[in-house]
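Next comes model08.cif, a file with mmCIF, C-alpha atoms and all ligand atoms.
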```
data_start
#
loop_
_atom_site.label_atom_id
_atom_site.label_comp_id
_atom_site.auth_asym_id
_atom_site.auth_seq_id
_atom_site.Cartn_x
_atom_site.Cartn_y
_atom_site.Cartn_z
CA MET A 1 8.14 -16.33 30.21
CA LYS A 2 4.50 -15.99 29.38
CA ASP A 3 5.08 -15.10 25.73
CA SER A 4 5.43 -18.29 23.76
CA LEU A 5 2.61 -19.26 21.45
CA ASP A 6 2.01 -22.51 23.36
CA ILE A 7 1.55 -20.80 26.70
CA PHE A 8 -0.57 -18.13 25.05
CA CYS A 9 -2.89 -20.61 23.36
CA SER A 10 -3.28 -22.94 26.33
CA ALA A 11 -4.22 -19.98 28.54
CA LEU A 12 -6.70 -18.89 25.87
CA GLN A 13 -8.17 -22.39 25.75
CA LYS A 14 -8.98 -22.21 29.49
CA LYS A 15 -11.28 -19.21 29.10
CA ASP A 16 -14.89 -19.32 27.91
CA ASN A 17 -16.42 -15.90 27.58
CA PHE A 18 -14.42 -13.51 25.42
CA LEU A 19 -14.55 -9.85 24.64
CA LEU A 20 -12.71 -9.05 21.40
CA ALA A 21 -11.44 -5.56 20.67
CA SER A 22 -9.19 -3.51 18.48
CA HIS A 23 -8.35 0.14 18.07
CA VAL A 24 -10.67 3.10 17.53
CA SER A 25 -11.14 4.00 13.82
CA PRO A 26 -10.35 0.41 12.85
CA GLU A 27 -8.79 -0.27 9.43
CA GLY A 28 -8.39 -3.46 7.43
CA ASP A 29 -5.85 -5.21 9.63
CA ALA A 30 -7.69 -4.52 12.87
CA ILE A 31 -11.06 -5.55 11.44
CA GLY A 32 -9.84 -8.63 9.59
CA SER A 33 -7.85 -9.86 12.62
CA VAL A 34 -10.71 -9.43 15.05
CA LEU A 35 -13.31 -11.04 12.74
CA ALA A 36 -11.06 -14.05 12.15
CA LEU A 37 -10.36 -14.38 15.88
CA ASP A 38 -14.10 -14.19 16.59
CA SER A 39 -14.67 -17.08 14.21
CA LEU A 40 -11.74 -19.04 15.68
CA LEU A 41 -13.08 -18.70 19.22
CA HIS A 42 -16.54 -19.85 18.14
CA ARG A 43 -15.00 -22.89 16.45
CA LEU A 44 -13.26 -23.66 19.75
CA GLY A 45 -16.71 -23.67 21.39
CA LYS A 46 -16.24 -20.33 23.15
CA LYS A 47 -18.55 -17.36 23.55
CA ALA A 48 -17.09 -14.27 21.93
CA MET A 49 -18.26 -10.74 21.28
CA ILE A 50 -16.56 -8.04 19.24
CA VAL A 51 -16.83 -4.56 20.72
CA CYS A 52 -15.32 -1.56 18.97
CA GLU A 53 -15.53 2.19 19.30
CA ASP A 54 -16.34 2.70 15.61
CA PRO A 55 -18.19 0.79 12.89
CA ILE A 56 -16.67 -1.13 10.00
CA PRO A 57 -16.03 1.51 7.31
CA GLU A 58 -18.23 1.48 4.22
CA ARG A 59 -15.31 0.26 2.09
CA LEU A 60 -15.18 -2.99 4.08
CA SER A 61 -18.93 -3.49 4.32
CA PHE A 62 -18.68 -6.86 2.55
CA LEU A 63 -17.26 -8.27 5.80
CA PRO A 64 -19.77 -9.69 8.34
CA GLN A 65 -21.00 -6.50 10.00
CA ASP A 66 -23.52 -8.35 12.17
CA ARG A 67 -20.57 -9.57 14.28
CA TRP A 68 -19.50 -5.98 14.98
CA HIS A 69 -20.89 -4.23 18.10
CA LEU A 70 -20.27 -0.64 19.08
CA SER A 71 -18.94 0.17 22.57
CA LYS A 72 -21.73 2.67 23.20
CA GLU A 73 -24.39 -0.02 22.62
CA ILE A 74 -23.07 -2.49 25.18
CA SER A 75 -24.16 -2.47 28.82
CA LYS A 76 -21.28 -1.73 31.18
CA HIS A 77 -22.52 -4.57 33.41
CA ARG A 78 -21.64 -7.32 31.00
CA GLN A 79 -18.90 -9.57 32.28
CA PHE A 80 -16.17 -11.22 30.30
CA ASP A 81 -13.52 -13.55 31.66
CA ALA A 82 -11.08 -12.68 28.90
CA LEU A 83 -10.28 -9.84 26.56
CA VAL A 84 -8.45 -10.48 23.30
CA VAL A 85 -6.94 -7.34 21.80
CA ALA A 86 -5.58 -7.34 18.25
CA ASP A 87 -3.42 -4.79 16.42
CA CYS A 88 -3.15 -2.35 19.37
CA PRO A 89 0.20 -1.13 20.71
CA THR A 90 -1.44 0.08 23.94
CA LEU A 91 -4.63 -0.88 25.79
CA GLU A 92 -5.85 2.74 25.67
CA ARG A 93 -6.26 2.35 21.89
CA ILE A 94 -9.40 0.21 22.37
CA GLY A 95 -11.24 3.28 23.73
CA GLU A 96 -14.47 2.83 25.67
CA ALA A 97 -14.44 -0.97 25.31
CA SER A 98 -11.90 -1.00 28.17
CA LYS A 99 -14.77 -0.06 30.53
CA LEU A 100 -16.08 -3.62 30.07
CA LEU A 101 -13.00 -5.01 31.81
CA GLY A 102 -13.44 -6.38 35.31
CA PRO A 103 -10.70 -7.19 37.83
CA GLU A 104 -11.02 -10.86 36.84
CA THR A 105 -10.69 -10.28 33.08
CA GLN A 106 -7.50 -11.79 31.67
CA VAL A 107 -6.04 -9.79 28.81
CA PHE A 108 -4.61 -11.51 25.71
CA ASN A 109 -2.58 -9.18 23.55
CA ILE A 110 -1.97 -10.18 19.89
CA ASP A 111 0.01 -7.74 17.78
CA HIS A 112 2.80 -6.94 15.33
CA HIS A 113 3.66 -3.35 16.38
CA VAL A 114 7.28 -2.92 17.51
CA SER A 115 5.99 -0.27 19.90
CA ASN A 116 3.58 -2.69 21.66
CA VAL A 117 3.92 -2.13 25.42
CA ARG A 118 2.98 -5.75 26.33
CA PHE A 119 -0.04 -4.68 28.35
CA GLY A 120 -1.62 -8.17 28.45
CA HIS A 121 -1.50 -10.90 31.06
CA TYR A 122 -0.50 -12.90 27.99
CA ASN A 123 1.27 -11.29 25.04
CA TYR A 124 1.96 -12.70 21.62
CA ILE A 125 3.79 -9.99 19.70
CA ARG A 126 5.54 -10.67 16.41
CA PRO A 127 7.11 -7.42 15.12
CA GLU A 128 8.41 -9.23 12.01
CA ALA A 129 4.84 -10.11 10.92
CA CYS A 130 3.55 -7.97 8.06
CA ALA A 131 0.12 -7.65 9.66
CA CYS A 132 -1.66 -8.67 12.83
CA GLY A 133 -3.59 -10.98 10.49
CA GLU A 134 -0.37 -12.95 9.94
CA VAL A 135 -0.08 -13.48 13.71
CA VAL A 136 -3.73 -14.61 13.79
CA CYS A 137 -2.96 -17.18 11.05
CA GLU A 138 -0.31 -18.67 13.34
CA ILE A 139 -2.88 -19.03 16.10
CA PHE A 140 -5.20 -20.92 13.72
CA LYS A 141 -2.31 -23.27 12.93
CA ARG A 142 -1.51 -23.80 16.63
CA PHE A 143 -5.13 -24.89 17.20
CA LYS A 144 -4.91 -27.07 14.06
CA LEU A 145 -7.89 -25.28 12.54
CA LYS A 146 -8.04 -25.10 8.76
CA ILE A 147 -8.93 -21.54 7.79
CA ASN A 148 -12.31 -21.40 6.04
CA ARG A 149 -13.37 -19.08 3.24
CA ASP A 150 -14.92 -16.36 5.43
CA GLU A 151 -11.92 -16.32 7.75
CA ALA A 152 -9.64 -16.21 4.71
CA THR A 153 -11.51 -13.18 3.33
CA ALA A 154 -11.03 -11.34 6.64
CA LEU A 155 -7.37 -12.32 6.89
CA TYR A 156 -6.64 -11.43 3.28
CA VAL A 157 -8.06 -7.96 3.98
CA SER A 158 -5.70 -7.72 7.00
CA ILE A 159 -2.60 -8.66 5.07
CA ALA A 160 -3.45 -6.85 1.84
CA THR A 161 -4.17 -3.56 3.63
CA ASP A 162 -1.12 -3.60 5.92
CA THR A 163 1.26 -4.48 3.08
CA GLY A 164 -0.36 -1.97 0.67
CA SER A 165 -1.34 -4.95 -1.48
CA PHE A 166 2.02 -6.66 -1.13
CA LYS A 167 3.95 -3.52 -2.12
CA TYR A 168 5.39 -2.17 1.15
CA SER A 169 8.75 -3.20 2.61
CA ASN A 170 7.04 -5.32 5.31
CA THR A 171 5.96 -7.71 2.53
CA THR A 172 7.83 -11.00 2.88
CA VAL A 173 7.93 -14.51 1.45
CA LYS A 174 5.69 -15.43 4.38
CA SER A 175 3.07 -12.79 3.46
CA HIS A 176 2.83 -14.30 -0.02
CA GLU A 177 2.75 -17.85 1.35
CA ILE A 178 -0.11 -16.96 3.65
CA ALA A 179 -1.91 -15.14 0.83
CA SER A 180 -1.55 -18.26 -1.30
CA GLU A 181 -3.12 -20.41 1.45
CA LEU A 182 -5.94 -17.92 1.85
CA ILE A 183 -6.60 -17.75 -1.90
CA GLN A 184 -6.81 -21.55 -2.02
CA THR A 185 -9.97 -21.38 0.11
CA GLY A 186 -11.71 -19.75 -2.89
CA ILE A 187 -11.94 -16.14 -1.76
CA ASP A 188 -12.97 -13.56 -4.33
CA ILE A 189 -9.73 -11.60 -4.88
CA GLU A 190 -11.17 -9.28 -7.51
CA LYS A 191 -14.13 -8.29 -5.35
CA ILE A 192 -11.94 -7.71 -2.29
CA ASN A 193 -9.36 -5.62 -4.19
CA ASP A 194 -12.03 -3.61 -5.97
CA ALA A 195 -13.64 -2.78 -2.65
CA LEU A 196 -10.28 -1.93 -1.06
CA TYR A 197 -8.65 0.08 -3.81
CA ALA A 198 -10.90 0.86 -6.73
CA THR A 199 -14.21 2.09 -5.35
CA TYR A 200 -14.63 5.77 -4.56
CA SER A 201 -17.68 7.92 -3.98
CA LEU A 202 -18.05 11.05 -6.10
CA GLN A 203 -17.55 13.06 -2.88
CA THR A 204 -14.21 11.39 -2.29
CA ILE A 205 -12.97 12.25 -5.78
CA GLN A 206 -14.16 15.85 -5.32
CA LEU A 207 -12.50 16.01 -1.91
CA TYR A 208 -9.26 14.77 -3.51
CA SER A 209 -9.36 17.65 -5.97
CA VAL A 210 -9.54 20.09 -3.04
CA LEU A 211 -6.72 18.28 -1.23
CA LEU A 212 -4.49 18.07 -4.31
CA SER A 213 -4.67 21.86 -4.52
CA LYS A 214 -3.42 22.12 -0.91
CA ILE A 215 -0.23 20.11 -1.23
CA GLN A 216 2.80 21.96 0.09
CA THR A 217 6.43 20.94 0.18
CA THR A 218 9.72 22.12 1.60
CA PRO A 219 11.91 23.85 -1.05
CA ASP A 220 13.90 20.61 -1.56
CA ARG A 221 10.61 18.64 -1.79
CA MET A 222 11.85 16.16 0.80
CA VAL A 223 8.76 16.79 2.94
CA ALA A 224 5.21 17.13 1.62
CA TRP A 225 2.03 17.79 3.50
CA ALA A 226 -1.61 18.85 3.19
CA GLY A 227 -4.31 19.76 5.67
CA LEU A 228 -8.06 19.34 5.59
CA SER A 229 -10.18 21.86 7.46
CA ARG A 230 -13.71 21.25 8.74
CA GLU A 231 -14.95 23.77 6.14
CA ASP A 232 -13.36 21.80 3.26
CA LEU A 233 -15.15 18.72 4.46
CA LYS A 234 -18.47 20.55 4.67
CA LYS A 235 -18.06 22.13 1.23
CA THR A 236 -17.58 18.83 -0.57
CA GLY A 237 -19.92 16.77 1.62
CA GLY A 238 -17.14 14.22 2.14
CA THR A 239 -16.21 12.43 5.36
CA TYR A 240 -12.92 11.76 7.15
CA GLU A 241 -13.16 8.22 5.89
CA ASP A 242 -13.00 9.57 2.32
CA THR A 243 -9.53 10.99 2.95
CA GLU A 244 -8.04 7.68 4.06
CA GLY A 245 -5.84 6.99 1.02
CA PHE A 246 -4.97 10.58 0.22
CA ILE A 247 -1.60 10.55 1.97
CA ASP A 248 -0.33 8.22 -0.76
CA PHE A 249 -0.46 11.09 -3.27
CA LEU A 250 1.96 13.03 -1.08
CA LYS A 251 4.28 10.05 -0.98
CA TYR A 252 4.10 9.60 -4.76
CA ILE A 253 6.00 12.89 -5.29
CA LYS A 254 9.41 11.76 -6.50
CA GLU A 255 11.69 13.55 -4.03
CA VAL A 256 9.49 13.11 -0.98
CA GLN A 257 10.95 11.20 1.97
CA PHE A 258 8.44 12.33 4.62
CA ALA A 259 4.74 12.98 4.10
CA PHE A 260 2.07 13.99 6.55
CA PHE A 261 -1.62 14.57 6.21
CA MET A 262 -3.64 16.54 8.73
CA SER A 263 -7.38 16.67 9.36
CA GLU A 264 -9.05 19.12 11.67
CA LEU A 265 -11.26 17.19 14.09
CA ASP A 266 -14.76 18.10 15.17
CA GLY A 267 -17.21 17.42 18.01
CA PRO A 268 -15.60 16.48 21.34
CA GLU A 269 -12.18 16.52 19.64
CA LYS A 270 -12.52 20.07 18.33
CA GLY A 271 -9.23 21.93 18.67
CA PHE A 272 -7.24 18.81 17.73
CA ILE A 273 -5.66 17.76 14.45
CA ARG A 274 -5.30 14.15 13.43
CA VAL A 275 -1.97 13.59 11.69
CA SER A 276 -0.95 10.60 9.56
CA PHE A 277 2.67 10.08 8.54
CA ARG A 278 4.44 8.14 5.83
CA SER A 279 8.13 7.86 5.05
CA LYS A 280 10.31 6.40 2.36
CA GLY A 281 13.77 4.86 2.49
CA ASP A 282 15.38 4.55 5.90
CA TYR A 283 13.49 7.32 7.65
CA ASP A 284 11.51 6.26 10.70
CA VAL A 285 8.30 8.20 11.00
CA SER A 286 7.05 6.29 14.07
CA GLN A 287 9.69 8.21 16.08
CA VAL A 288 8.02 11.47 15.05
CA ALA A 289 4.53 10.17 15.96
CA VAL A 290 5.73 8.85 19.33
CA ARG A 291 7.04 12.30 20.25
CA PHE A 292 3.44 13.56 19.96
CA GLY A 293 2.01 10.65 21.97
CA GLY A 294 1.09 8.57 18.93
CA GLY A 295 2.69 5.51 17.38
CA GLY A 296 2.78 3.10 14.50
CA HIS A 297 5.36 1.60 12.22
CA LYS A 298 8.62 2.81 10.67
CA LYS A 299 6.96 3.93 7.42
CA ALA A 300 3.37 4.60 8.55
CA ALA A 301 2.36 6.18 11.83
CA GLY A 302 -0.13 8.62 13.32
CA CYS A 303 -0.99 10.86 16.26
CA THR A 304 -3.35 13.61 17.43
CA ILE A 305 -2.01 17.09 18.23
CA SER A 306 -3.77 20.14 19.67
CA GLY A 307 -3.70 23.44 17.79
CA SER A 308 -4.68 24.95 14.48
CA LEU A 309 -3.63 23.46 11.14
CA GLU A 310 -0.89 26.11 10.86
CA GLU A 311 0.42 25.52 14.38
CA VAL A 312 0.47 21.78 13.96
CA THR A 313 2.24 22.05 10.59
CA GLU A 314 5.00 23.99 12.27
CA LYS A 315 5.33 21.57 15.21
CA VAL A 316 5.45 18.55 12.90
CA LEU A 317 7.94 20.12 10.49
CA ASN A 318 10.26 20.81 13.44
CA GLU A 319 10.14 17.22 14.61
CA ILE A 320 10.64 15.86 11.10
CA GLN A 321 13.66 18.12 10.70
CA GLN A 322 15.20 16.48 13.78
CA GLU A 323 14.45 12.95 12.57
CA TYR A 324 15.87 13.87 9.18
CA GLN A 325 19.16 15.02 10.74
CA ARG A 326 19.56 11.85 12.82
MN MN A 401 -1.66 -3.77 11.66
#
```

Any chance you could put this one into structure tokens?
Ligand SMILES: [Mn+2]
Amino acid sequence: MKDSLDIFCSALQKKDNFLLASHVSPEGDAIGSVLALDSLLHRLGKKAMIVCEDPIPERLSFLPQDRWHLSKEISKHRQFDALVVADCPTLERIGEASKLLGPETQVFNIDHHVSNVRFGHYNYIRPEACACGEVVCEIFKRFKLKINRDEATALYVSIATDTGSFKYSNTTVKSHEIASELIQTGIDIEKINDALYATYSLQTIQLYSVLLSKIQTTPDRMVAWAGLSREDLKKTGGTYEDTEGFIDFLKYIKEVQFAFFMSELDGPEKGFIRVSFRSKGDYDVSQVAVRFGGGGHKKAAGCTISGSLEEVTEKVLNEIQQEYQR
């Protein structure tokens, strides 16, 4: 029974030199959780280093980027006696950072995904938590550390992004209680929310106009989707990052119960389509993503599928049809 918070934290306390990681293409929850954990470990007198496949996105550039190191910049000979992974259902999700693991490295797995496969030597998984950041808050409490303003900024980003700013069904009394504690440290709510939800580049807005014109639905409008080709991206000068919130527009259509957004990948991933899913009501979209080797939550999930945009649309529509009939 290596899963209780006490066992988890006392094992953590015994280690000194930590590698911290989260998933590739990190979003708010992953970034906020890892940054807060980095600060926590330093306050416990530990050495800690964050290593991630991808940088902190522009939108979150107000967070301490100097703490963020890219996998490709770190020598494979560095040794760590522990790895702390946050917000990852599987260890593979950390990408190249896993090459820094030695046979002696103990793995600490902190997460809130129901689909977490408990890959750690120590696992602290709380599927009822609204965000991994909520689980991290519990760890602060267990170590009797009062969360400071910078940690609170990171953790607020975690919880605000994973709850869609306290709007999604995973929002609980606890999420609001934690938010209240975080706000009491004096964080700048307006600045954080502006950066998260109200700051777009001109390219993003132009890309949205292209994407809005590509929305398709089933005749009953229960399913909506749109796909972004490499050419669309080139034409507008936008980036994949710019499309991040677009799937919400598909979900905003009144009748829609399932939405998916596809982007054609480039470089080493050419020939693959990245697919994000959202669902409303009781439909579980993580089941659809899992069938393509991806994962996520009931109402938000993702995966990568090989094929053209047309082929992938067909495959996904078939799977959704089956989930719909369940
Ligand atoms: Mn999360």

Per residue of range 235-310 of chain A within 12 Å of range 24-48 of chain A, what are the shortest atom pair and its distance in Å to one decimal, counting all atoms listed in the file, with rows by chain and residue number, as a tab-separated table?
```
residue	atom	partner	partner_atom	distance
A:Tyr240	CA	A:Ser25	CA	10.4
A:Glu241	CA	A:Ser25	CA	9.2
A:Glu244	CA	A:Glu27	CA	9.6
A:Gly245	CA	A:Glu27	CA	11.5
A:Arg274	CA	A:Ser25	CA	11.7
A:Gly302	CA	A:Ser25	CA	12.0
```

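Rounded to one decimal, CA of Asp242 in chain A and CA of Thr204 in chain A lie 5.1 Å from each other.
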
- request: Within 9 Å of ligand MN 401 (chain A), which residues show up when you count only C-alpha atoms and all ligand atoms? List them as a ChimeraX atom specification, please.
  value: /A:27-30,33,86-88,111-113,130-133,158-159,161-162,296-297

message: Counting only C-alpha atoms, which residues have an atom no more than 6 Å from (-15.0, 1.5, 23.4) in the file's coordinates? Please list them as a VMD selection string.
response: chain A and resid 52 to 53 71 94 to 97

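Closest approach to Leu83 in chain A from the set A:Leu12, A:Val288, A:Ala129, A:Leu145 is made by A:Leu12, with distances taken over only C-alpha atoms.
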
Residue with smallest distance to Val312 in chain A - pool A:Ile147, A:Met49, A:Ala226, A:Val285, counting all atoms listed in the file: A:Ala226

- request: Could you tell me how far CA of Ser4 in chain A lies from CA of Glu128 in chain A, in Å and to one decimal?
  value: 15.1 Å

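Rounded to one decimal, CA of Glu264 in chain A and CA of Leu211 in chain A lie 13.1 Å from each other.
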
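Closest approach to Val256 in chain A among A:Cys9, A:Thr217, A:Ala289, A:Asp232: A:Thr217, based on all atoms listed in the file.
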
field: Among the residues A:Leu63, A:Leu309, A:Ala195, A:Val114, the one that comes closest to Ser286 in chain A [using all atoms listed in the file]
entry: A:Val114

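Minimum atom-to-atom distance to Pro64 in chain A, evaluated using only C-alpha atoms, belongs to A:Thr153 out of A:Ala224, A:Glu92, A:Thr153, A:Tyr124.
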
- request: Give as a ChimeraX atom specification every residue, naming chains and numbers as the document does, that has an atom within 9 Å of (-14.7, -0.5, -2.2), counting only C-alpha atoms.
  value: /A:58-62,191-200

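Here the question is which of A:Leu207, A:Lys144, A:Cys137, A:Leu233 gets nearest to Glu177 in chain A using only C-alpha atoms, and that residue is A:Cys137.
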
Which centre and which edge lengths, in Å to one decimal, describe the axis-aligned box that holds all listed atoms of range 278-284 of chain A after 6 Å is added on each side, as JSON?
```
{"center_x": 9.9, "center_y": 6.3, "center_z": 6.5, "size_x": 22.9, "size_y": 15.6, "size_z": 20.3}
```
